[in-house]
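Novice: Contents of work_32.cif (mmCIF, C-alpha atoms):
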data_data
loop_
_atom_site.label_atom_id
_atom_site.label_comp_id
_atom_site.auth_asym_id
_atom_site.auth_seq_id
_atom_site.Cartn_x
_atom_site.Cartn_y
_atom_site.Cartn_z
CA MET G 876 10.78 -33.91 15.27
CA LYS G 877 14.11 -34.61 16.93
CA ASP G 878 14.58 -38.24 17.88
CA PRO G 879 14.36 -38.23 21.70
CA SER G 880 16.56 -41.30 21.87
CA ARG G 881 19.17 -39.75 19.57
CA SER G 882 22.53 -41.39 19.05
CA PHE G 883 25.30 -40.13 21.27
CA VAL G 884 27.81 -37.62 19.97
CA ALA G 885 30.25 -38.62 17.30
CA THR G 886 33.96 -38.62 17.90
CA HIS G 887 34.41 -35.15 16.35
CA MET G 888 32.19 -32.26 17.36
CA ALA G 889 32.59 -28.50 17.61
CA PHE G 890 32.11 -27.04 21.08
CA PRO G 891 32.67 -23.60 22.59
CA GLU G 892 35.44 -23.07 25.09
CA SER G 893 32.95 -23.69 27.87
CA ALA G 894 29.31 -24.66 27.68
CA SER G 895 28.32 -21.96 30.16
CA SER G 896 29.82 -19.13 28.14
CA ALA G 897 28.66 -20.36 24.75
CA HIS G 898 26.08 -17.61 24.36
CA MET G 899 28.75 -14.95 24.77
CA MET G 900 31.30 -16.34 22.31
CA ASN G 901 31.58 -16.48 18.55
CA THR G 902 34.58 -18.79 18.32
CA SER G 903 34.66 -22.53 18.84
CA SER G 904 37.25 -25.25 18.99
CA VAL G 905 37.19 -28.88 18.00
CA ILE G 906 37.60 -31.45 20.72
CA HIS G 907 38.59 -34.96 19.80
CA HIS G 908 37.17 -37.25 22.43
CA ARG G 909 35.78 -40.68 22.98
CA LEU G 910 32.85 -41.63 25.13
CA SER G 911 34.22 -42.66 28.49
CA ALA G 912 33.08 -44.82 31.37
CA ILE G 913 33.50 -44.02 35.05
CA ASP G 914 32.50 -45.57 38.34
CA ARG G 915 30.93 -43.86 41.33
CA THR G 916 34.38 -43.14 42.69
CA GLY G 917 34.87 -41.03 39.57
CA VAL G 918 31.84 -38.91 40.47
CA GLN G 919 33.29 -38.46 43.96
CA THR G 920 36.61 -37.39 42.44
CA LEU G 921 34.79 -34.97 40.13
CA ILE G 922 33.09 -33.32 43.11
CA GLU G 923 36.43 -33.04 44.90
CA VAL G 924 38.13 -31.56 41.84
CA LEU G 925 35.39 -28.96 41.41
CA ARG G 926 35.52 -27.96 45.09
CA ALA G 927 39.32 -27.75 45.02
CA SER G 928 39.01 -25.48 41.96
CA GLY G 929 36.90 -22.99 43.91
CA TYR G 930 33.45 -24.01 42.68
CA HIS G 931 30.36 -23.97 44.86
CA VAL G 932 29.06 -27.44 44.03
CA LEU G 933 25.29 -27.87 43.98
CA GLY G 934 23.17 -30.87 43.17
CA PRO G 935 20.11 -32.89 44.14
CA THR G 936 19.78 -33.66 47.85
CA LEU G 937 17.10 -34.99 50.19
CA ARG G 938 15.44 -32.41 52.41
CA ASP G 939 11.94 -31.86 53.81
CA HIS G 940 10.61 -35.02 52.12
CA ALA G 941 11.61 -33.76 48.68
CA ILE G 942 14.57 -33.84 46.32
CA VAL G 943 15.91 -30.30 46.17
CA TYR G 944 19.07 -28.60 44.93
CA ASP G 945 21.55 -27.77 47.65
CA ASP G 946 25.22 -27.97 48.59
CA VAL G 947 26.99 -31.18 47.62
CA THR G 948 30.31 -32.02 49.26
CA SER G 949 30.44 -35.74 48.46
CA LEU G 950 28.69 -38.49 46.52
CA GLU G 951 26.80 -39.46 49.69
CA ASP G 952 24.95 -36.13 49.64
CA LEU G 953 23.09 -37.24 46.50
CA PRO G 954 19.72 -39.07 46.86
CA ILE G 955 21.16 -42.54 46.28
CA GLY G 956 18.44 -45.18 46.22
CA TRP G 957 15.55 -42.69 46.21
CA THR G 958 12.97 -41.82 43.58
CA ASP G 959 9.91 -39.59 43.33
CA ARG G 960 6.31 -40.13 42.31
CA GLN G 961 4.52 -37.21 40.71
CA GLU G 962 1.00 -36.50 39.53
CA ALA G 963 -1.18 -33.39 39.36
CA SER G 964 -0.93 -31.73 42.81
CA ARG G 965 0.88 -34.82 44.16
CA TYR G 966 4.54 -35.37 45.03
CA ARG G 967 6.19 -37.96 47.23
CA ILE G 968 9.56 -39.66 47.53
CA GLU G 969 10.08 -43.32 48.12
CA ARG G 970 12.84 -45.89 48.27
CA ARG G 971 13.93 -47.60 45.07
CA ALA G 972 14.62 -51.29 44.74
CA ASP G 973 18.20 -50.40 43.73
CA ASN G 974 20.81 -47.81 44.66
CA ALA G 975 20.63 -45.62 41.56
CA VAL G 976 22.23 -42.21 42.04
CA PHE G 977 19.95 -40.26 39.67
CA GLY G 978 16.83 -42.45 39.66
CA PHE G 979 14.32 -39.61 39.96
CA THR G 980 13.06 -36.70 37.89
CA VAL G 981 12.87 -33.03 38.92
CA GLY G 982 11.66 -31.56 42.20
CA PRO G 983 10.32 -28.14 43.22
CA HIS G 984 13.66 -26.37 42.70
CA SER G 985 15.17 -25.33 39.40
CA TRP G 986 18.66 -24.02 38.69
CA LYS G 987 17.05 -20.63 38.09
CA ARG G 988 17.19 -19.92 41.82
CA PHE G 989 21.01 -19.79 41.66
CA LEU G 990 21.48 -17.96 38.35
CA HIS G 991 18.49 -15.62 38.85
CA PRO G 992 18.02 -15.49 42.65
CA PRO G 993 14.54 -15.07 44.19
CA VAL G 994 15.75 -12.02 46.17
CA GLU G 995 18.68 -9.83 45.16
CA ARG G 996 19.84 -6.48 46.49
CA LEU G 997 20.49 -4.14 43.56
CA TYR G 998 22.04 -1.22 45.43
CA THR G 999 22.05 0.75 48.67
CA VAL G 1000 22.05 4.55 48.97
CA VAL G 1001 23.88 5.84 52.04
CA ASN G 1002 23.47 9.33 53.51
CA ASP G 1003 26.52 10.04 55.64
CA GLY G 1004 25.60 13.64 56.36
CA ALA G 1005 28.00 15.03 53.80
CA GLY G 1006 26.13 13.65 50.82
CA LEU G 1007 24.81 10.52 49.20
CA SER G 1008 26.85 7.56 48.07
CA ILE G 1009 25.72 4.44 46.22
CA ASP G 1010 26.85 0.94 47.08
CA PRO G 1011 26.14 -1.20 43.99
CA GLY G 1012 25.43 -4.19 46.21
CA ARG G 1013 27.40 -6.75 44.27
CA ASP G 1014 28.23 -9.71 46.46
CA GLU G 1015 31.46 -11.60 46.05
CA PRO G 1016 30.99 -13.56 42.82
CA GLN G 1017 30.51 -17.31 43.20
CA LYS G 1018 31.49 -19.93 40.68
CA PHE G 1019 28.74 -22.52 40.57
CA ALA G 1020 29.08 -26.13 39.52
CA PHE G 1021 25.72 -27.79 38.89
CA ILE G 1022 25.60 -31.59 39.09
CA GLY G 1023 22.61 -33.51 37.78
CA VAL G 1024 21.16 -31.00 35.30
CA ARG G 1025 18.45 -32.65 33.16
CA ALA G 1026 17.80 -32.03 29.47
CA CYS G 1027 14.67 -29.98 30.12
CA GLU G 1028 16.60 -27.86 32.61
CA LEU G 1029 19.41 -27.26 30.12
CA ARG G 1030 16.76 -26.03 27.69
CA ALA G 1031 15.34 -23.78 30.41
CA ILE G 1032 18.76 -22.29 31.12
CA ALA G 1033 19.24 -21.65 27.40
CA ILE G 1034 15.87 -19.88 27.31
CA GLN G 1035 16.84 -17.66 30.25
CA ASP G 1036 20.18 -16.95 28.58
CA ARG G 1037 18.18 -15.48 25.71
CA VAL G 1038 16.09 -13.38 28.10
CA PHE G 1039 18.94 -12.03 30.21
CA CYS G 1040 21.99 -12.05 27.94
CA GLU G 1041 20.73 -11.06 24.49
CA GLY G 1042 19.41 -7.79 23.14
CA HIS G 1043 20.24 -4.24 24.19
CA TYR G 1044 19.85 -4.76 27.93
CA VAL G 1045 22.04 -7.50 29.39
CA ASP G 1046 21.62 -8.48 33.02
CA SER G 1047 25.27 -8.33 34.02
CA ARG G 1048 24.73 -10.20 37.29
CA TYR G 1049 23.07 -13.14 35.59
CA ALA G 1050 25.63 -13.06 32.77
CA GLN G 1051 28.54 -13.30 35.22
CA ARG G 1052 27.04 -16.23 37.12
CA ARG G 1053 26.22 -17.99 33.87
CA HIS G 1054 29.65 -17.42 32.38
CA ASP G 1055 31.38 -18.93 35.40
CA ALA G 1056 29.08 -21.94 35.84
CA VAL G 1057 30.12 -25.51 35.14
CA ILE G 1058 27.31 -27.88 34.17
CA VAL G 1059 27.43 -31.62 34.70
CA ALA G 1060 24.28 -32.88 33.00
CA VAL G 1061 22.47 -36.19 33.38
CA ASN G 1062 20.47 -38.05 30.74
CA CYS G 1063 17.18 -39.05 32.33
CA SER G 1064 16.66 -42.69 33.26
CA GLU G 1065 13.21 -42.05 34.76
CA ALA G 1066 10.18 -40.18 33.40
CA GLY G 1067 7.81 -38.65 35.92
CA GLY G 1068 4.05 -38.78 35.86
CA THR G 1069 3.87 -35.14 34.80
CA CYS G 1070 6.82 -35.10 32.36
CA PHE G 1071 6.25 -34.18 28.71
CA CYS G 1072 9.71 -33.07 27.55
CA VAL G 1073 9.45 -35.24 24.43
CA SER G 1074 6.45 -33.16 23.27
CA MET G 1075 8.49 -29.97 23.70
CA GLN G 1076 11.57 -31.52 22.06
CA ALA G 1077 13.51 -30.73 25.23
CA GLY G 1078 14.56 -34.21 26.40
CA PRO G 1079 15.10 -36.72 27.82
CA ALA G 1080 18.58 -36.73 26.19
CA VAL G 1081 20.83 -33.72 26.65
CA ASP G 1082 22.11 -32.35 23.36
CA SER G 1083 24.03 -29.14 24.12
CA GLY G 1084 24.93 -26.62 26.79
CA TYR G 1085 26.84 -28.94 29.14
CA ASP G 1086 30.46 -29.41 30.10
CA LEU G 1087 30.08 -33.08 30.98
CA ALA G 1088 27.03 -35.33 30.55
CA LEU G 1089 26.45 -38.54 32.48
CA THR G 1090 24.22 -41.48 31.68
CA GLU G 1091 23.66 -43.86 34.57
CA LEU G 1092 24.10 -47.39 33.27
CA PRO G 1093 22.09 -50.44 34.31
CA ALA G 1094 23.75 -52.86 36.70
CA GLY G 1095 26.11 -55.35 35.11
CA GLU G 1096 27.50 -53.06 32.40
CA GLY G 1097 30.99 -52.90 33.90
CA ALA G 1098 30.72 -49.22 34.83
CA ASP G 1099 28.30 -46.93 36.61
CA PHE G 1100 28.21 -44.03 34.14
CA LEU G 1101 28.85 -43.20 30.51
CA VAL G 1102 30.43 -39.75 30.14
CA GLU G 1103 30.25 -37.33 27.23
CA VAL G 1104 32.44 -34.23 26.96
CA GLY G 1105 30.71 -31.02 25.90
CA SER G 1106 33.39 -28.34 26.29
CA GLU G 1107 37.06 -27.60 26.84
CA VAL G 1108 36.30 -27.17 30.52
CA GLY G 1109 34.62 -30.56 30.61
CA ALA G 1110 37.57 -32.20 28.86
CA ALA G 1111 39.97 -30.69 31.41
CA LEU G 1112 37.81 -31.94 34.27
CA LEU G 1113 37.59 -35.46 32.87
CA ARG G 1114 41.37 -35.64 32.61
CA GLN G 1115 41.49 -35.33 36.41
CA VAL G 1116 38.94 -38.12 36.95
CA PRO G 1117 39.72 -41.84 36.66
CA HIS G 1118 38.04 -42.99 33.45
CA ARG G 1119 38.38 -45.46 30.62
CA PRO G 1120 37.06 -45.75 27.07
CA ALA G 1121 33.44 -46.84 26.92
CA THR G 1122 32.68 -50.16 25.28
CA GLU G 1123 30.16 -50.60 22.50
CA ALA G 1124 27.95 -52.51 24.93
CA GLN G 1125 27.99 -49.60 27.37
CA ILE G 1126 27.18 -47.10 24.63
CA GLU G 1127 24.30 -49.25 23.46
CA ALA G 1128 23.05 -49.65 27.04
CA ALA G 1129 23.09 -45.86 27.48
CA ARG G 1130 21.08 -45.41 24.30
CA GLY G 1131 18.59 -47.91 25.67
CA VAL G 1132 18.24 -45.96 28.92
CA VAL G 1133 17.29 -42.78 27.06
CA ALA G 1134 14.99 -44.55 24.61
CA ARG G 1135 13.13 -46.25 27.44
CA THR G 1136 12.70 -42.96 29.28
CA ALA G 1137 11.37 -41.26 26.14
CA SER G 1138 8.67 -43.93 25.90
CA GLN G 1139 7.53 -43.43 29.50
CA MET G 1140 6.34 -39.81 29.44
CA GLY G 1141 3.47 -39.27 31.86
CA ARG G 1142 1.96 -36.46 29.77
CA SER G 1143 1.99 -35.22 26.18
CA MET G 1144 1.12 -31.98 24.42
CA GLU G 1145 0.30 -31.48 20.76
CA THR G 1146 2.34 -28.42 19.79
CA ALA G 1147 1.49 -28.15 16.07
CA GLY G 1148 -0.19 -24.77 15.50
CA ILE G 1149 -0.24 -24.03 19.22
CA LYS G 1150 0.77 -20.39 18.79
CA ALA G 1151 -2.21 -19.57 16.56
CA LEU G 1152 -4.50 -21.79 18.64
CA LEU G 1153 -3.96 -19.75 21.80
CA GLN G 1154 -3.56 -16.30 20.26
CA ASP G 1155 -6.76 -16.73 18.22
CA ASN G 1156 -8.86 -17.74 21.24
CA PRO G 1157 -8.62 -15.00 23.89
CA HIS G 1158 -12.32 -15.35 24.74
CA HIS G 1159 -12.53 -19.13 24.80
CA PRO G 1160 -14.87 -20.36 27.59
CA ARG G 1161 -12.11 -22.65 28.90
CA TRP G 1162 -10.38 -19.64 30.46
CA ASN G 1163 -13.36 -19.07 32.76
CA GLU G 1164 -13.64 -22.77 33.52
CA VAL G 1165 -10.04 -23.07 34.66
CA ALA G 1166 -10.35 -19.84 36.64
CA GLU G 1167 -13.02 -21.45 38.79
CA ARG G 1168 -10.33 -23.82 40.08
CA CYS G 1169 -7.27 -21.57 39.94
CA LEU G 1170 -6.25 -20.05 43.29
CA SER G 1171 -3.97 -17.44 41.65
CA CYS G 1172 -1.34 -18.59 44.14
CA GLY G 1173 1.52 -18.29 41.65
CA ASN G 1174 2.99 -21.72 42.46
CA CYS G 1175 3.27 -22.53 38.76
CA THR G 1176 5.39 -19.45 38.08
CA MET G 1177 7.61 -19.98 41.14
CA VAL G 1178 8.52 -23.57 40.23
CA CYS G 1179 8.76 -22.91 36.48
CA PRO G 1180 12.41 -22.97 35.35
CA THR G 1181 11.85 -20.30 32.67
CA CYS G 1182 9.51 -17.71 34.26
CA PHE G 1183 11.57 -14.58 34.83
CA CYS G 1184 9.21 -11.80 35.98
CA THR G 1185 10.34 -9.66 38.89
CA THR G 1186 9.28 -6.68 40.94
CA VAL G 1187 11.44 -4.03 42.62
CA GLU G 1188 10.99 -2.88 46.20
CA ASP G 1189 12.52 0.14 47.92
CA SER G 1190 13.01 0.32 51.67
CA SER G 1191 14.79 2.64 54.09
CA ASP G 1192 15.76 2.70 57.72
CA LEU G 1193 13.87 4.84 60.23
CA ALA G 1194 16.76 7.29 60.64
CA GLY G 1195 16.93 8.02 56.92
CA GLY G 1196 20.55 6.98 56.73
CA THR G 1197 20.18 4.25 54.13
CA ALA G 1198 17.76 3.23 51.43
CA GLU G 1199 17.87 -0.10 49.64
CA ARG G 1200 16.50 -1.35 46.33
CA THR G 1201 15.77 -5.08 46.07
CA ARG G 1202 14.65 -7.21 43.15
CA LYS G 1203 12.32 -10.13 43.88
CA TRP G 1204 10.61 -12.79 41.84
CA ASP G 1205 7.04 -11.84 40.98
CA SER G 1206 4.13 -13.62 39.33
CA CYS G 1207 1.66 -12.60 36.65
CA PHE G 1208 -1.01 -14.25 38.83
CA THR G 1209 -0.96 -11.40 41.36
CA LEU G 1210 -3.21 -8.37 41.03
CA ASP G 1211 -0.33 -5.99 41.67
CA PHE G 1212 1.75 -7.38 38.82
CA SER G 1213 -0.30 -5.57 36.14
CA PHE G 1214 -1.26 -2.59 38.35
CA LEU G 1215 -1.14 0.76 36.58
CA HIS G 1216 -2.39 4.18 37.65
CA GLY G 1217 -6.01 3.16 37.06
CA GLY G 1218 -5.83 -0.26 38.70
CA SER G 1219 -4.92 -3.80 37.70
CA VAL G 1220 -5.07 -4.57 33.99
CA ARG G 1221 -5.93 -8.23 34.64
CA GLN G 1222 -8.52 -8.18 37.39
CA THR G 1223 -9.91 -11.69 36.93
CA GLY G 1224 -8.36 -15.09 37.46
CA SER G 1225 -9.29 -16.09 33.92
CA ALA G 1226 -7.38 -13.11 32.49
CA ARG G 1227 -4.32 -13.91 34.56
CA TYR G 1228 -4.30 -17.62 33.69
CA ARG G 1229 -4.81 -16.78 30.02
CA GLN G 1230 -1.89 -14.35 30.17
CA TRP G 1231 0.40 -16.96 31.71
CA LEU G 1232 -0.50 -19.84 29.41
CA THR G 1233 -0.65 -17.78 26.22
CA HIS G 1234 2.63 -16.07 26.97
CA LYS G 1235 4.35 -19.32 27.89
CA LEU G 1236 3.27 -21.28 24.82
CA ALA G 1237 2.60 -18.62 22.17
CA ASN G 1238 3.71 -15.02 22.77
CA TRP G 1239 7.08 -16.22 24.03
CA ILE G 1240 7.75 -17.42 20.50
CA ASP G 1241 7.18 -13.87 19.22
CA GLN G 1242 9.52 -12.44 21.87
CA PHE G 1243 12.34 -14.96 21.99
CA GLY G 1244 11.89 -17.31 19.03
CA THR G 1245 11.09 -20.38 21.12
CA SER G 1246 8.43 -21.75 23.42
CA GLY G 1247 8.74 -20.83 27.08
CA CYS G 1248 7.82 -24.37 28.16
CA VAL G 1249 10.29 -27.26 28.41
CA GLY G 1250 7.87 -29.99 29.50
CA CYS G 1251 9.32 -30.51 33.00
CA GLY G 1252 5.81 -30.83 34.49
CA ARG G 1253 6.54 -28.83 37.64
CA CYS G 1254 3.54 -26.53 37.14
CA ILE G 1255 1.27 -29.60 37.12
CA THR G 1256 2.83 -31.33 40.12
CA TRP G 1257 2.96 -28.25 42.33
CA CYS G 1258 -0.45 -26.78 41.48
CA PRO G 1259 -2.50 -27.17 44.70
CA VAL G 1260 -5.67 -27.94 42.73
CA GLY G 1261 -4.03 -30.03 40.01
CA ILE G 1262 -4.52 -27.77 36.98
CA ASP G 1263 -2.77 -29.47 34.08
CA ILE G 1264 -1.32 -27.29 31.31
CA THR G 1265 -1.44 -30.19 28.84
CA GLU G 1266 -5.11 -30.79 29.64
CA GLU G 1267 -6.03 -27.14 29.18
CA VAL G 1268 -4.35 -26.92 25.77
CA ALA G 1269 -5.98 -30.19 24.70
CA ALA G 1270 -9.41 -28.94 25.76
CA ILE G 1271 -9.11 -25.71 23.77
CA ARG G 1272 -7.80 -27.61 20.75
CA ALA G 1273 -10.59 -30.21 20.93
CA SER G 1274 -13.35 -27.60 21.09
CA CYS G 1275 -11.87 -25.68 18.15
CA VAL G 1276 -11.62 -28.86 16.08
CA ALA G 1277 -15.22 -29.76 16.94
CA GLU G 1278 -16.35 -26.25 15.98
CA GLN G 1279 -14.59 -26.52 12.62
CA GLU G 1280 -16.18 -29.93 11.95
CA ASP G 1281 -19.63 -28.57 12.77
CA HIS G 1282 -19.03 -25.66 10.43
CA HIS G 1283 -18.00 -27.99 7.59
CA GLU G 1284 -21.05 -30.18 8.15
CA GLY G 1285 -23.28 -27.14 8.12
CA THR G 1286 -21.97 -26.04 4.74
#
For this file, write the structure as structure tokens.

Specialist:
Amino acid sequence: MKDPSRSFVATHMAFPESASSAHMMNTSSVIHHRLSAIDRTGVQTLIEVLRASGYHVLGPTLRDHAIVYDDVTSLEDLPIGWTDRQEASRYRIERRADNAVFGFTVGPHSWKRFLHPPVERLYTVVNDGAGLSIDPGRDEPQKFAFIGVRACELRAIAIQDRVFCEGHYVDSRYAQRRHDAVIVAVNCSEAGGTCFCVSMQAGPAVDSGYDLALTELPAGEGADFLVEVGSEVGAALLRQVPHRPATEAQIEAARGVVARTASQMGRSMETAGIKALLQDNPHHPRWNEVAERCLSCGNCTMVCPTCFCTTVEDSSDLAGGTAERTRKWDSCFTLDFSFLHGGSVRQTGSARYRQWLTHKLANWIDQFGTSGCVGCGRCITWCPVGIDITEEVAAIRASCVAEQEDHHEGT
């Protein structure tokens, strides 16, 4: 298993031209860099540089009693001095004892909502009386800059890159947004009550896919953040930000931050043999047990940073002059999602929950070569009845182990 408190990058590493376009490129360059230290004024300068370069800067903000991703125009827009407390079906924010900038985990939003929007017009057909014309419906492209991307979220973006940008059918809209995005990642200094990224080998330290990565240092270290460069774009950005070489003490302090976070996971999941465990137990009684609590509301799929299912809707005006096709997020928990000519394939809640969990943790591996779960814990926090994915897997595993032990004793 990867060491979750891994050492920081060496002084020579190979990176693609930009972290966001890595999946589309075959060439790489070598960047010689040192770990740097910056103060909060450096973060403010970074935001200003990104905005001046035409990027739509997004990051964590406080809104509606939650930490959500929204427009960031200055350092003061970030949730300085706030943290969150998360448990199954529970989320609240509260004041910290300090003024940490990134002293929280992840909220209900994921970066998916910007790269793969919840609602997107695909095209409009216009009847002008002389014939039909098609407006492809492409909005003016935006260059996004994401600030505060966690390790689990970087893994989720990489998973969606595989879904949308690999194979025969590339989603050109997603690919364009992804190519143009700048990612400023953050190594986690807090683990939430529902986090289990260490189990999924997806955090808490970022290891790839970023342009710049920040680690917020404890007070008294002579700087506010340690900075790592992850791409040519990141190196160019850092040159425009006041910075200085990091000291050995600061590097060691940053390692300590990540190591401490890795030891504070609120949840864990045993992943050894998980693919066979779930695929070999489609009729396990646990599916019916969890269905008695599941509301089939789809919250887990909406907050999940990797779920990608959509539906397509067509609409027209009353005069028949225009017709529009729109793509919207959908959920495998709805009856209509698996509706065919004879009705819904998955008519029970147990069948729908089994589909979601088995696909996420097992069948996804067959499709894309990796698990579809990054251990962010959102599906646990935002489930209205507190269904816990780690608990469900553990229950199925425990019953199968007990069954095997009984069989051995009987022979």

Novice: At most 10 Å from (37.4, -30.9, 32.0), file frame, only C-alpha atoms: which residues, as JSON, numbers by chain?

Specialist: {"G": [893, 921, 924, 925, 1057, 1086, 1087, 1104, 1105, 1106, 1107, 1108, 1109, 1110, 1111, 1112, 1113, 1114, 1115, 1116]}

Novice: I need the chosen residues saved as a PDB file, keeping the file's coordinate frame, with C-alpha atoms.

Specialist:
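Listing of selection01.pdb after writing:
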ATOM      1  CA  SER G 893      32.950 -23.690  27.870  1.00  0.00           C
ATOM      2  CA  LEU G 921      34.790 -34.970  40.130  1.00  0.00           C
ATOM      3  CA  VAL G 924      38.130 -31.560  41.840  1.00  0.00           C
ATOM      4  CA  LEU G 925      35.390 -28.960  41.410  1.00  0.00           C
ATOM      5  CA  VAL G1057      30.120 -25.510  35.140  1.00  0.00           C
ATOM      6  CA  ASP G1086      30.460 -29.410  30.100  1.00  0.00           C
ATOM      7  CA  LEU G1087      30.080 -33.080  30.980  1.00  0.00           C
ATOM      8  CA  VAL G1104      32.440 -34.230  26.960  1.00  0.00           C
ATOM      9  CA  GLY G1105      30.710 -31.020  25.900  1.00  0.00           C
ATOM     10  CA  SER G1106      33.390 -28.340  26.290  1.00  0.00           C
ATOM     11  CA  GLU G1107      37.060 -27.600  26.840  1.00  0.00           C
ATOM     12  CA  VAL G1108      36.300 -27.170  30.520  1.00  0.00           C
ATOM     13  CA  GLY G1109      34.620 -30.560  30.610  1.00  0.00           C
ATOM     14  CA  ALA G1110      37.570 -32.200  28.860  1.00  0.00           C
ATOM     15  CA  ALA G1111      39.970 -30.690  31.410  1.00  0.00           C
ATOM     16  CA  LEU G1112      37.810 -31.940  34.270  1.00  0.00           C
ATOM     17  CA  LEU G1113      37.590 -35.460  32.870  1.00  0.00           C
ATOM     18  CA  ARG G1114      41.370 -35.640  32.610  1.00  0.00           C
ATOM     19  CA  GLN G1115      41.490 -35.330  36.410  1.00  0.00           C
ATOM     20  CA  VAL G1116      38.940 -38.120  36.950  1.00  0.00           C
TER      21      VAL G1116
END

Novice: Quick check on the file I pasted: which residues fall under the PyMOL selection byres ((chain G and resi 1019-1025) around 6)? Write them as a PyMOL selection string.

Specialist: chain G and resi 930-934+1018+1026-1028+1056-1061

Novice: In Å, with one decimal, what is the gap from atom CA of Leu1029 of chain G to atom CA of Ser1083 of chain G?

Specialist: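 If I compute the distance from atom CA of Leu1029 of chain G to atom CA of Ser1083 of chain G, I get 7.8 Å.
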
Novice: Would you kindly return, as a PyMOL selection string, each protein, DNA or RNA residue with an atom no farther than 6 Å from any atom of segment 1145-1162 of chain G, considering all atoms listed in the file and excluding same-chain residues fewer than 6 positions away?

Specialist: chain G and resi 1225+1233+1237

Novice: Enumerate, as a VMD selection string, the residues matched when the PyMOL selection byres ((chain G and resi 1091) around 9) is run on the file above.

Specialist: chain G and resid 975 to 978 1061 to 1064 1089 to 1090 1092 to 1093 1098 to 1101 1129 1132

Novice: With distances taken over all atoms listed in the file, which of G:Gly1196, G:Pro935, G:Pro992, G:Pro1180 is nearest to Leu953 of chain G?

Specialist: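 Ranking G:Gly1196, G:Pro935, G:Pro992, G:Pro1180 by distance to Leu953 of chain G, first place goes to G:Pro935.
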